[in-house]
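See below for the structure under consideration.
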Amino acid sequence: MTELAQHTTEYGVVESEPPEQLARNLNSAGHLLASATAFFFLAFVFAYFYLRSLNNAGLWHPKHVDPSQTLGALVMVAGVLTAVLVRWGLADHRAERRSVWRVKGAVALAIGIAAVVLQVVEWTTVGFGPADGGYASVFFGWTGFYAVFLVGALFWLETVLATSIRYRGWATGERTVAAGDASGDRRRIGEDIRDPVSLVRAELDALSFYWSFLAGVGVLTWILLYLA
């Protein structure tokens with residue numbers, strides 16, 4: 001019982017870091033996430049070329065396995081537009097045009113959601129399943145996990161946008177929030193993030209890098225699965 005009480009007492013003790021360190025951590029996290037994503041999709045690139053080279057019984061890409069070129073292009077374009085808008089939003093935030101960044105961030109979020117919706121629509125209209133040859137299995141696996149990564153990036157974008165809207169009008173270093181306010185944990189008695197506004201730009205920087213990388217994966221997806 002004494003040990004439990006001790007842990008309860010220490011719950012609010014948080015090791016805080018200066019905003020500069022947190023910004024560097026976010027930048028490193030964005031690059032590490034991009035690296036992990038690259039290795040993840042390399043498996044599908046390998047599967048694509050390996051199964052294509054084998055072409056067992058000529059069933060790599062049967063004639064009836066033909067996804068929509070239009071929907072595939074729209075998903076790719078939506079991903080690229082989202083990355084461009086996030087990059088422009090970062091430039092606006094650096095230029096202290098924060099209201100403009102929020103507008104571009106909201107539009108980017110809407111376009112990114114549209115990309116996921118369009119991908120789901122395509123799955124329901126392709127007319128073939130993952131068991132219809134090697135290409136079909138790669139197609140569903142690749143586009144399925146690409147949509148999952150898009151949803152994760154959209155959640156990240158939404159949290160950055162929500163923080164920016166929640167603390168709109170605050171200048172960096174102008175005010176601090178109560179302990180646990182920025183993390184949404186009201187039970188904390190120790191400070192975790194004193195000035196959440198100071199992290200918006202760092203998060204945008206890391207997010208912009210990752211979205212640009214994810215858009216590149218989308219272009220590669222479109223080239224291999226729809227054009228090659």
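Naming works like this for the structure tokens: A, B, ... for the chains as they're shown, residue 1 at the start of each chain, ligands 1 onward in shown order.
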Any idea what's packed within 12 Å of Leu74 (chain A), counting only C-alpha atoms, ignoring anything in its chain fewer than 4 positions away? Could you give it as a list of chain:residue names? A:Ser68, A:Gln69, A:Thr70, A:Ala78, A:Gly79, A:Val80, A:Leu81, A:Ile111, A:Gly112, A:Ala114, A:Ala115, A:Val116, A:Val117, A:Leu118, A:Gln119, A:Val121, A:Glu122, A:Gly218, A:Val219, A:Trp222, A:Tyr226
Mind checking DSSP for region 66-186 of chain A and telling me the alpha helix (DSSP H) residues as an MDAnalysis selection string? chainID A and resid 69:94 98:125 134:166
List as CSV every residue of region 47-92 of chain A that is in contact with region 139-157 of chain A, defined as an atom at most 9 Å from one of its atoms (using only C-alpha atoms), together with the nearest atom pair and the distance in Å rounded to one decimal, sorted by chain and then rising number.
```
residue,atom,partner,partner_atom,distance
A:Tyr48,CA,A:Phe139,CA,8.8
A:Pro67,CA,A:Phe139,CA,8.9
A:Gly79,CA,A:Leu150,CA,8.3
A:Val86,CA,A:Leu157,CA,8.5
```
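Separating CA of Leu225 (chain A) from CA of Trp88 (chain A) is a distance of 29.1 Å.
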Using only C-alpha atoms, what table do you get, as CSV, when you list each residue of region 107-136 of chain A with an atom no more than 12 Å from region 159-170 of chain A, its nearest pair of atoms, and their distance in Å rounded to one decimal, rows by chain then rising number?
```
residue,atom,partner,partner_atom,distance
A:Val107,CA,A:Leu161,CA,10.8
A:Ala108,CA,A:Leu161,CA,10.3
A:Leu109,CA,A:Leu161,CA,9.0
```
Filtering to N, CA and C atoms, could you give me those residues as a PDB file, in the first residue's frame?
```pdb
ATOM      1  N   VAL A 107      -7.890  23.520 -44.943  1.00  0.00           N
ATOM      2  CA  VAL A 107      -8.105  23.056 -46.321  1.00  0.00           C
ATOM      3  C   VAL A 107      -7.294  21.785 -46.582  1.00  0.00           C
ATOM      4  N   ALA A 108      -6.045  21.765 -46.093  1.00  0.00           N
ATOM      5  CA  ALA A 108      -5.211  20.573 -46.259  1.00  0.00           C
ATOM      6  C   ALA A 108      -5.845  19.368 -45.574  1.00  0.00           C
ATOM      7  N   LEU A 109      -6.409  19.576 -44.399  1.00  0.00           N
ATOM      8  CA  LEU A 109      -7.065  18.488 -43.672  1.00  0.00           C
ATOM      9  C   LEU A 109      -8.251  17.957 -44.472  1.00  0.00           C
TER      10      LEU A 109
END
```
Applying 12 Å and only C-alpha atoms, which residues near region 54-58 of chain A remain after dropping the ones on its own chain fewer than 6 positions away? List them as number ranges by chain. A: 47-48, 132-135
Store the residues picked out above, limited to all heavy atoms, as an mmCIF file, in the first residue's frame.
```
data_model
loop_
_atom_site.group_PDB
_atom_site.id
_atom_site.type_symbol
_atom_site.label_atom_id
_atom_site.label_comp_id
_atom_site.auth_asym_id
_atom_site.auth_seq_id
_atom_site.Cartn_x
_atom_site.Cartn_y
_atom_site.Cartn_z
ATOM 1 N N ALA A 47 7.740 -6.846 -53.493
ATOM 2 C CA ALA A 47 6.703 -7.803 -53.873
ATOM 3 C C ALA A 47 6.206 -7.526 -55.285
ATOM 4 O O ALA A 47 5.967 -8.461 -56.068
ATOM 5 C CB ALA A 47 5.550 -7.742 -52.882
ATOM 6 N N TYR A 48 6.078 -6.254 -55.618
ATOM 7 C CA TYR A 48 5.586 -5.876 -56.953
ATOM 8 C C TYR A 48 6.520 -6.414 -58.047
ATOM 9 O O TYR A 48 6.081 -7.094 -58.975
ATOM 10 C CB TYR A 48 5.473 -4.356 -57.037
ATOM 11 C CG TYR A 48 5.069 -3.835 -58.403
ATOM 12 C CD1 TYR A 48 3.734 -3.672 -58.735
ATOM 13 C CD2 TYR A 48 6.037 -3.512 -59.358
ATOM 14 C CE1 TYR A 48 3.361 -3.198 -59.986
ATOM 15 C CE2 TYR A 48 5.673 -3.048 -60.616
ATOM 16 C CZ TYR A 48 4.343 -2.893 -60.917
ATOM 17 O OH TYR A 48 3.974 -2.435 -62.159
ATOM 18 N N ASP A 132 -7.145 -12.209 -56.819
ATOM 19 C CA ASP A 132 -7.168 -12.266 -58.289
ATOM 20 C C ASP A 132 -5.797 -11.965 -58.893
ATOM 21 O O ASP A 132 -5.644 -11.061 -59.723
ATOM 22 C CB ASP A 132 -8.213 -11.296 -58.841
ATOM 23 C CG ASP A 132 -9.629 -11.702 -58.517
ATOM 24 O OD1 ASP A 132 -9.878 -12.920 -58.408
ATOM 25 O OD2 ASP A 132 -10.495 -10.818 -58.346
ATOM 26 N N GLY A 133 -4.789 -12.703 -58.484
ATOM 27 C CA GLY A 133 -3.466 -12.546 -59.064
ATOM 28 C C GLY A 133 -2.519 -11.762 -58.181
ATOM 29 O O GLY A 133 -2.907 -11.141 -57.180
ATOM 30 N N GLY A 134 -1.247 -11.802 -58.566
ATOM 31 C CA GLY A 134 -0.219 -11.118 -57.778
ATOM 32 C C GLY A 134 -0.403 -9.620 -57.738
ATOM 33 O O GLY A 134 -0.254 -8.992 -56.684
ATOM 34 N N TYR A 135 -0.737 -9.025 -58.883
ATOM 35 C CA TYR A 135 -0.935 -7.575 -58.913
ATOM 36 C C TYR A 135 -2.058 -7.154 -57.976
ATOM 37 O O TYR A 135 -1.935 -6.165 -57.247
ATOM 38 C CB TYR A 135 -1.259 -7.112 -60.330
ATOM 39 C CG TYR A 135 -1.692 -5.667 -60.410
ATOM 40 C CD1 TYR A 135 -0.754 -4.635 -60.510
ATOM 41 C CD2 TYR A 135 -3.036 -5.324 -60.360
ATOM 42 C CE1 TYR A 135 -1.154 -3.310 -60.557
ATOM 43 C CE2 TYR A 135 -3.446 -4.007 -60.399
ATOM 44 C CZ TYR A 135 -2.506 -3.003 -60.503
ATOM 45 O OH TYR A 135 -2.907 -1.689 -60.537
#
```
All residues 7 Å or closer to Trp101 (chain A), only C-alpha atoms, same chain fewer than 5 positions away omitted, as a ChimeraX atom specification: /A:89-90,92-93
Using only N, CA and C atoms, please write the residues we just selected to a file, as a PDB file, in the first residue's frame.
```pdb
ATOM      1  N   GLY A  89       1.647  26.456 -45.358  1.00  0.00           N
ATOM      2  CA  GLY A  89       1.226  26.850 -44.022  1.00  0.00           C
ATOM      3  C   GLY A  89       2.411  27.069 -43.099  1.00  0.00           C
ATOM      4  N   LEU A  90       3.435  26.222 -43.232  1.00  0.00           N
ATOM      5  CA  LEU A  90       4.658  26.413 -42.449  1.00  0.00           C
ATOM      6  C   LEU A  90       5.316  27.745 -42.790  1.00  0.00           C
ATOM      7  N   ASP A  92       3.825  30.408 -43.908  1.00  0.00           N
ATOM      8  CA  ASP A  92       2.983  31.461 -43.320  1.00  0.00           C
ATOM      9  C   ASP A  92       3.227  31.590 -41.825  1.00  0.00           C
ATOM     10  N   HIS A  93       3.377  30.463 -41.149  1.00  0.00           N
ATOM     11  CA  HIS A  93       3.611  30.513 -39.701  1.00  0.00           C
ATOM     12  C   HIS A  93       4.958  31.155 -39.395  1.00  0.00           C
TER      13      HIS A  93
END
```
Just the residues within 7 Å of Leu26 (chain A), please, counting only C-alpha atoms, with nothing from its chain fewer than 5 positions along; format it as an mmCIF file with all heavy atoms, in the first residue's frame.
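What landed in around.cif:
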```cif
data_model
loop_
_atom_site.group_PDB
_atom_site.id
_atom_site.type_symbol
_atom_site.label_atom_id
_atom_site.label_comp_id
_atom_site.auth_asym_id
_atom_site.auth_seq_id
_atom_site.Cartn_x
_atom_site.Cartn_y
_atom_site.Cartn_z
ATOM 1 N N ALA A 202 7.507 23.983 -34.675
ATOM 2 C CA ALA A 202 8.359 22.794 -34.736
ATOM 3 C C ALA A 202 7.566 21.581 -35.219
ATOM 4 O O ALA A 202 8.056 20.774 -36.019
ATOM 5 C CB ALA A 202 8.960 22.526 -33.366
ATOM 6 N N GLU A 203 6.319 21.455 -34.741
ATOM 7 C CA GLU A 203 5.476 20.354 -35.203
ATOM 8 C C GLU A 203 5.164 20.496 -36.685
ATOM 9 O O GLU A 203 5.166 19.519 -37.440
ATOM 10 C CB GLU A 203 4.181 20.328 -34.397
ATOM 11 C CG GLU A 203 4.325 19.788 -33.007
ATOM 12 C CD GLU A 203 2.985 19.490 -32.371
ATOM 13 O OE1 GLU A 203 2.434 18.401 -32.621
ATOM 14 O OE2 GLU A 203 2.471 20.361 -31.649
ATOM 15 N N ALA A 206 8.225 19.381 -38.749
ATOM 16 C CA ALA A 206 8.334 17.926 -38.835
ATOM 17 C C ALA A 206 7.204 17.337 -39.672
ATOM 18 O O ALA A 206 7.418 16.433 -40.490
ATOM 19 C CB ALA A 206 8.327 17.323 -37.435
#
```
